[in-house]
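Structure first, commentary second.
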There are 2 protein chains.
Amino acid sequence: MTDLLRSWVETANTPDTDFPLNNLPYGVFSIDGGKASCGAAIGDKILNLSALEASGRINFDGSLCTGSWNAFMALGKQEWARLREELSTFLVEGSEPQPAYLVAMADAALHMPFAVSEFTDFYAGKHHATNVGTMFRGAENALPPNWLSIPIGYNGRASSVVVSGTPIKRPHGQLKGPNDELPHFAPSSRFDIELEMGAIVGTASQGPITVAEAYDNLFGYVLLNDWSARDIQAWEYQPLGPFQAKATATSISPWIVTAAALEPFRVSTPKRERPQLNYLNEPGPMLYDIALEVALTPNGGNENIICRTNYREMYYSAAQQLAHHTTSGCPMRVGDLLGSGTISGPGKDNRGSLLEISWGGKEPFTLDSGEARSFLEDGDTVTLRGAAEGDGYRVGFGECVGTVMSA
Amino acid sequence: MTDLLRSWVETANTPDTDFPLNNLPYGVFSIDGGKASCGAAIGDKILNLSALEASGRINFDGSLCTGSWNAFMALGKQEWARLREELSTFLVEGSEPQPAYLVAMADAALHMPFAVSEFTDFYAGKHHATNVGTMFRGAENALPPNWLSIPIGYNGRASSVVVSGTPIKRPHGQLKGPNDELPHFAPSSRFDIELEMGAIVGTASQGPITVAEAYDNLFGYVLLNDWSARDIQAWEYQPLGPFQAKATATSISPWIVTAAALEPFRVSTPKRERPQLNYLNEPGPMLYDIALEVALTPNGGNENIICRTNYREMYYSAAQQLAHHTTSGCPMRVGDLLGSGTISGPGKDNRGSLLEISWGGKEPFTLDSGEARSFLEDGDTVTLRGAAEGDGYRVGFGECVGTVMSA
């Protein structure tokens with residue numbers, strides 16, 4: 001574990017910031033409705049990388065002046081390392097302070113950090129799959145037969161991915177209760193969250209790649225909330241999987257924490273419970289130790305922490321998921337986003353969806369106000385947070401926030 | 001039914017051409033490895049629209065000089081009508097012939113006509129769903145309970161959509177026979193086709209739209225072959241739907257036949273067999289009468305027609321599918337591609353997949369050579385064809401071709 005890297009930006013040296021110099025996550029921001037610029041978070045400031053590149057102090061083919069990280073990602077892994085090195089040199093304590101290139105994060109609007117090419121969502125958390133399977137099929141048949149062999153995934157909807165802060169409108173859809181003869185069309189009354197990590201493909205591939213290659217192709221990670229309408233899902237998902245239940249919105253945190261920043265926090269996936277096909281074998285630890293939490297804040301009320309868990313609970317890593325994704329020859333492109341699947345832990349307090357927390361609505365939970373909850377109410381705000389804990393510093397993700405609006 | 005519109009391009013006036021002046025489908029072509037240009041098919045020629053716009057004879061904001069139809073589609077419905085009108089005037093018999101703007105189709109390479117934003121595949125053919133359901137669940141449970149209420153769809157993989165002529169490499173994947181204890185990793189041995197139509201979204205939408213709006217937002221149609229690995233699918237698809245089984249490739253025909261060209265061939269969807277929710281009601285006929293066929297040509301052998309069917313067999317139209325797609329608030333973008341689902345007809349000769357033709361491999365069929373087939377062999381070429389038949393002319397799609405290469 002490395003130590004805190006001190007910066008001349010003083011607020012980056014405090015133990016409680018998400019954004020010390022060790023982190024240097026990338027985002028896109030604007031000030032007062034102006035042009036969208038690429039930036040790196042440092043303490044409570046944003047380093048304006050578009051301005052740095054426009055001034056000629058750094059040179060990445062103009063990619064940092066595009067208002068999106070796709071063009072930079074496409075430059076490849078060597079350039080990823082060079083930017084991180086140059087920014088570290090620029091910001092490190094002892095270098096000449098250049099506050100003219102900083103803006104206050106509090107003054108900035110944060111935008112989608114990259115254009116999502118395609119979005120794939122996985123189902124790779126064993127606790128989550130076991131909980132959901134137990135509810136729907138009983139404890140004996142909880143895990144589907146293929147689950148311990150395949151990182152199960154399905155294609156999601158890239159156009160519905162939004163940045164933290166975007167309001168989430170409760171969806172309409174076809175609903176059918178178990179005793180209804182026919183479905184009716186109405187707003188979802190079982191609207192839910194899923195706590196996930198999103199992995200971003202930074203290098204394109206054509207044809208099958210190994211897990212090691214997949215790891216190298218991943219640029220970075222974000223927090224991801226896969227908003228899910230459980231009642232729409234229940235009626236629509238057989239036989240071809242979830243569709244409109246998952247198409248309303250998926251929120252991501254605005255800062256891409258790079259794989260390079262997470263390097264000191266690598267951990268292995270849990271022990272295999274069934275012999276694994278060779279193409280999924282990991283040459284080294286490819287998960288990360290990232291503490292995660294979910295907060296629910298009702299309209300006008302207090303924040304309630306409803307889940308604490310860790311990314312290391314996943315059975316499959318993002319590298320394994322990406323390698324599996326390419327087995328069929330499926331081309332992957334810069335900007336593809338892979339959702340980890342819901343990250344629940346073993347205990348009741350570690351459940352990453354309201355479906356699990358309220359056990360399908362049968363065991364409503366209670367907020368600090370005394371109010372009961374099974375699924376989301378209009379006006380509820382959901383906040384995801386995550387950070388890898390170093391020695392005296394943290395590599396954090398900032399927040400991924402969304403408030404539910406009426407249908 | 002309108003009559004043949006005669007053109008000064010003589011080959012466009014023959015009854016057997018797919019491309020009379022009534023059609024005017026749009027594609028992208030190049031000559032001798034040169035720049036990709038937008039074009040319209042007319043008889044055995046291509047009208048070079050990039051050259052026409054570059055010369056100032058037509059003006060569509062430079063969109064026809066981009067080598068893709070996305071920018072033009074984004075101009076909107078009024079401009080779609082204006083281009084069709086201007087090209088009809090340019091090409092109609094009696095106008096001054098301008099052969100300098102024509103190239104021989106035989107000399108041209110045809111490219112993807114548009115960039116696919118996202119690809120959604122539906123399951124909206126009742127004969128296909130009934131056949132597949134009967135094989136897997138028995139005749140009593142053939143149609144899933146939601147089938148007559150929902151145009152069932154799932155998100156596919158846009159990066160895997162290729163233009164006709166692209167070789168199709170047999171995929172690897174996880175396979176598990178019913179008597180295997182564990183899966184193994186190997187090339188698919190049940191590699192299949194699906195005969196479909198693809199509908200192209202030409203106008204973006206945000207939030208739910210009506211079926212009438214959806215119809216207006218569709219720019220045109222292509223033939224679509226959704227290559228499918230049945231053995232990969234069987235093991236992976238529960239509970240979240242097909243993933244790698246459908247990610248190898250989806251081939252489309254190179255010419256976009258516009259909704260305007262298909263206007264004379266509108267027909268209604270079949271009578272509803274269950275009361276339909278209002279949001280799916282069609283204000284008028286929104287399917288098309290398009291005769292379809294599938295040919296299979298083994299390596300070095302003759303062409304065998306293995307299926308004849310019609311687009312009008314679909315239970316749900318593309319407009320209904322698109323309206324359903326937006327119910328959750330899912331944003332749709334220019335260039336979204338919607339696969340109809342496999343278009344089988346009622347009879348044995350009308351089945352749009354080998355899975356159905358060989359009844360899951362239990363009833364292999366025989367080629368003219370005497371060779372038996374259940375699924376695709378390496379070297380097999382599959383050709384889809386389709387045309388709406390007018391009085392003395394046809395509005396055709398050209399061919400959608402793919403040859404299977406070894407894994």
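In the structure tokens, chains take letters A, B, ... by order of appearance, with residues numbered from 1 within each chain and ligands from 1 in the order shown.
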(message) Which residues are close to A:Thr381, i.e. within 10 Å by only C-alpha atoms, leaving aside same-chain residues fewer than 5 positions away? Reply as a PyMOL selection string.
(response) chain A and resi 165+167-168+295-301+303+376+401-405
(message) If you run DSSP on the backbone here, which positions in stretch 287-344 of chain B get strand (DSSP E)? Please write them as a PyMOL selection string.
(response) chain B and resi 287-288+291-297+304-310+337-339
(request) Using DSSP on the backbone, list every residue of stretch 103-212 of chain A that comes out as alpha helix (DSSP H), and give them as a PyMOL selection string. (result) chain A and resi 126-137+211-212
(message) Env of B:Val103: 8 Å cut, atoms = only C-alpha atoms, seq-sep filter 6 positions within chain, self excluded. Answer as a PyMOL selection string.
(response) chain B and resi 45-48
Create the file for the chosen residues now, containing N, CA and C atoms and written as a PDB file, in the first residue's frame.
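Once written, again-v7.pdb looks like this:
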```
ATOM      1  N   LYS B  45     -27.703   0.468 -61.674  1.00  0.00           N
ATOM      2  CA  LYS B  45     -26.785   1.580 -61.427  1.00  0.00           C
ATOM      3  C   LYS B  45     -26.953   2.129 -60.011  1.00  0.00           C
ATOM      4  N   ILE B  46     -25.970   2.921 -59.605  1.00  0.00           N
ATOM      5  CA  ILE B  46     -26.079   3.693 -58.365  1.00  0.00           C
ATOM      6  C   ILE B  46     -25.948   5.171 -58.719  1.00  0.00           C
ATOM      7  N   LEU B  47     -26.898   5.958 -58.268  1.00  0.00           N
ATOM      8  CA  LEU B  47     -26.807   7.404 -58.437  1.00  0.00           C
ATOM      9  C   LEU B  47     -25.947   7.944 -57.299  1.00  0.00           C
ATOM     10  N   ASN B  48     -24.863   8.628 -57.649  1.00  0.00           N
ATOM     11  CA  ASN B  48     -23.903   9.114 -56.659  1.00  0.00           C
ATOM     12  C   ASN B  48     -24.418  10.406 -56.011  1.00  0.00           C
TER      13      ASN B  48
END
```
(request) Please identify every residue of chain B that has at least one atom no more than 8 Å from any atom of chain A, counting only C-alpha atoms, and report them as a VMD selection string. (result) chain B and resid 118 144 146 149 to 150 152 to 160 169 171 to 173 183 to 185 235 to 245 247 to 249 277 325 to 333
Restricting the output to C-alpha atoms, write the selected residues as a PDB file, in the first residue's frame.
```
ATOM      1  CA  GLU B 118     -28.241   0.478 -30.683  1.00  0.00           C
ATOM      2  CA  PRO B 144     -45.205 -17.530 -23.095  1.00  0.00           C
ATOM      3  CA  ASN B 146     -47.003 -12.437 -21.891  1.00  0.00           C
ATOM      4  CA  SER B 149     -49.761  -8.721 -24.641  1.00  0.00           C
ATOM      5  CA  ILE B 150     -46.157  -7.558 -25.120  1.00  0.00           C
ATOM      6  CA  ILE B 152     -41.222  -9.069 -26.464  1.00  0.00           C
ATOM      7  CA  GLY B 153     -37.775  -7.734 -27.224  1.00  0.00           C
ATOM      8  CA  TYR B 154     -34.253  -7.732 -25.875  1.00  0.00           C
ATOM      9  CA  ASN B 155     -31.254  -5.538 -26.446  1.00  0.00           C
ATOM     10  CA  GLY B 156     -28.762  -6.898 -28.970  1.00  0.00           C
ATOM     11  CA  ARG B 157     -25.241  -5.838 -29.792  1.00  0.00           C
ATOM     12  CA  ALA B 158     -24.886  -2.947 -32.266  1.00  0.00           C
ATOM     13  CA  SER B 159     -21.141  -3.492 -32.698  1.00  0.00           C
ATOM     14  CA  SER B 160     -21.835  -6.898 -34.244  1.00  0.00           C
ATOM     15  CA  LYS B 169     -16.929 -16.743 -38.348  1.00  0.00           C
ATOM     16  CA  PRO B 171     -18.335 -18.672 -32.722  1.00  0.00           C
ATOM     17  CA  HIS B 172     -16.838 -20.424 -29.747  1.00  0.00           C
ATOM     18  CA  GLY B 173     -18.778 -20.586 -26.541  1.00  0.00           C
ATOM     19  CA  PRO B 183     -19.891 -27.216 -19.778  1.00  0.00           C
ATOM     20  CA  HIS B 184     -16.946 -27.234 -22.190  1.00  0.00           C
ATOM     21  CA  PHE B 185     -15.594 -24.484 -24.425  1.00  0.00           C
ATOM     22  CA  TRP B 235     -27.001 -23.049 -21.800  1.00  0.00           C
ATOM     23  CA  GLU B 236     -26.686 -19.298 -21.265  1.00  0.00           C
ATOM     24  CA  TYR B 237     -30.132 -17.782 -21.763  1.00  0.00           C
ATOM     25  CA  GLN B 238     -31.766 -18.459 -18.416  1.00  0.00           C
ATOM     26  CA  PRO B 239     -32.578 -16.246 -16.586  1.00  0.00           C
ATOM     27  CA  LEU B 240     -31.547 -13.043 -18.386  1.00  0.00           C
ATOM     28  CA  GLY B 241     -31.902 -13.865 -22.082  1.00  0.00           C
ATOM     29  CA  PRO B 242     -29.587 -14.519 -25.036  1.00  0.00           C
ATOM     30  CA  PHE B 243     -26.169 -12.850 -24.893  1.00  0.00           C
ATOM     31  CA  GLN B 244     -23.121 -14.401 -26.592  1.00  0.00           C
ATOM     32  CA  ALA B 245     -25.384 -16.668 -28.705  1.00  0.00           C
ATOM     33  CA  ALA B 247     -23.288 -11.427 -30.466  1.00  0.00           C
ATOM     34  CA  THR B 248     -21.189 -12.923 -33.271  1.00  0.00           C
ATOM     35  CA  ALA B 249     -22.858 -11.069 -36.110  1.00  0.00           C
ATOM     36  CA  LEU B 277     -53.601  -2.379 -24.245  1.00  0.00           C
ATOM     37  CA  HIS B 325     -39.715   0.390 -26.561  1.00  0.00           C
ATOM     38  CA  THR B 326     -40.361   3.930 -25.326  1.00  0.00           C
ATOM     39  CA  THR B 327     -42.920   3.156 -22.586  1.00  0.00           C
ATOM     40  CA  SER B 328     -40.336   3.178 -19.810  1.00  0.00           C
ATOM     41  CA  GLY B 329     -38.977   6.525 -20.974  1.00  0.00           C
ATOM     42  CA  CYS B 330     -36.141   4.847 -22.907  1.00  0.00           C
ATOM     43  CA  PRO B 331     -34.542   7.451 -25.201  1.00  0.00           C
ATOM     44  CA  MET B 332     -34.376   6.388 -28.860  1.00  0.00           C
ATOM     45  CA  ARG B 333     -31.727   7.775 -31.191  1.00  0.00           C
TER      46      ARG B 333
END
```
(request) Fewer than 5 positions away in the same chain doesn't count, so skip those; otherwise give me all residues within 9 Å of A:Ala261, counting only C-alpha atoms, as a ChimeraX atom specification. (result) /A:22-25,220,395
Selection to disk with C-alpha atoms, as a CSV table (one decimal), in the first residue's frame:
```
chain,number,residue,atom,x,y,z
A,22,ASN,CA,-3.2,9.2,-5.5
A,23,ASN,CA,-6.6,9.2,-7.2
A,24,LEU,CA,-6.7,11.8,-10.1
A,25,PRO,CA,-10.1,10.7,-11.5
A,220,GLY,CA,-11.5,2.8,-15.2
A,395,VAL,CA,-9.3,6.8,-3.4
```
(message) Residues within 8 Å of B:Ala291, please, as a list in words. Count only C-alpha atoms; anything in the same chain fewer than 6 positions from it doesn't count.
(response) Arg308, Thr309, Asn310, Tyr311, Gly386, Ala387, Ala388 and Glu389 of chain B
(request) Skip A:Phe219 itself and residues of its chain fewer than 2 positions away, then list as a list of chain:residue names all residues within 9 Å of it, counting only C-alpha atoms. (result)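 Skipping anything fewer than 2 positions along the chain leaves A:Met73, A:Lys77, A:Trp80, A:Ala199, A:Ile200, A:Val201, A:Gly202, A:Thr203, A:Tyr215, A:Asp216, A:Asn217, A:Tyr221, A:Ile256, A:Val257, A:Thr258, A:Ala259, A:Ala260.
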(request) Name the residues in contact with A:Glu196 at a cut-off of 8 Å, using only C-alpha atoms, excluding same-chain residues fewer than 3 positions from it; report them as a list in words. (result)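 In the requested format, the answer is Leu223, Leu224, Asn225, Asp226, Gly339, Ser340, Gly341, Thr342, Ile343 and Gly352 of chain A.
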Written selection (N, CA and C atoms) as a short mmCIF file (atom, residue, chain, number, x, y, z; two decimals), in the first residue's frame:
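Saved to out.cif:
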```cif
data_model
loop_
_atom_site.label_atom_id
_atom_site.label_comp_id
_atom_site.auth_asym_id
_atom_site.auth_seq_id
_atom_site.Cartn_x
_atom_site.Cartn_y
_atom_site.Cartn_z
N LEU A 223 -19.19 4.41 -10.07
CA LEU A 223 -20.34 3.85 -9.37
C LEU A 223 -21.52 3.83 -10.33
N LEU A 224 -22.39 2.86 -10.17
CA LEU A 224 -23.49 2.70 -11.14
C LEU A 224 -24.75 2.27 -10.41
N ASN A 225 -25.83 2.99 -10.64
CA ASN A 225 -27.14 2.63 -10.08
C ASN A 225 -28.07 2.23 -11.22
N ASP A 226 -28.38 0.96 -11.29
CA ASP A 226 -29.23 0.41 -12.36
C ASP A 226 -30.68 0.42 -11.87
N GLY A 339 -21.71 -3.10 -16.43
CA GLY A 339 -22.20 -3.06 -15.05
C GLY A 339 -21.87 -4.38 -14.37
N SER A 340 -21.39 -4.30 -13.13
CA SER A 340 -20.90 -5.49 -12.43
C SER A 340 -22.00 -6.49 -12.10
N GLY A 341 -23.23 -5.98 -11.98
CA GLY A 341 -24.29 -6.71 -11.29
C GLY A 341 -24.36 -6.20 -9.87
N THR A 342 -25.48 -6.44 -9.22
CA THR A 342 -25.71 -5.90 -7.88
C THR A 342 -24.72 -6.51 -6.88
N ILE A 343 -24.15 -5.62 -6.07
CA ILE A 343 -23.07 -6.02 -5.15
C ILE A 343 -23.62 -6.16 -3.75
N GLY A 352 -27.74 -4.86 -1.75
CA GLY A 352 -27.60 -3.74 -2.68
C GLY A 352 -28.84 -3.38 -3.48
#
```
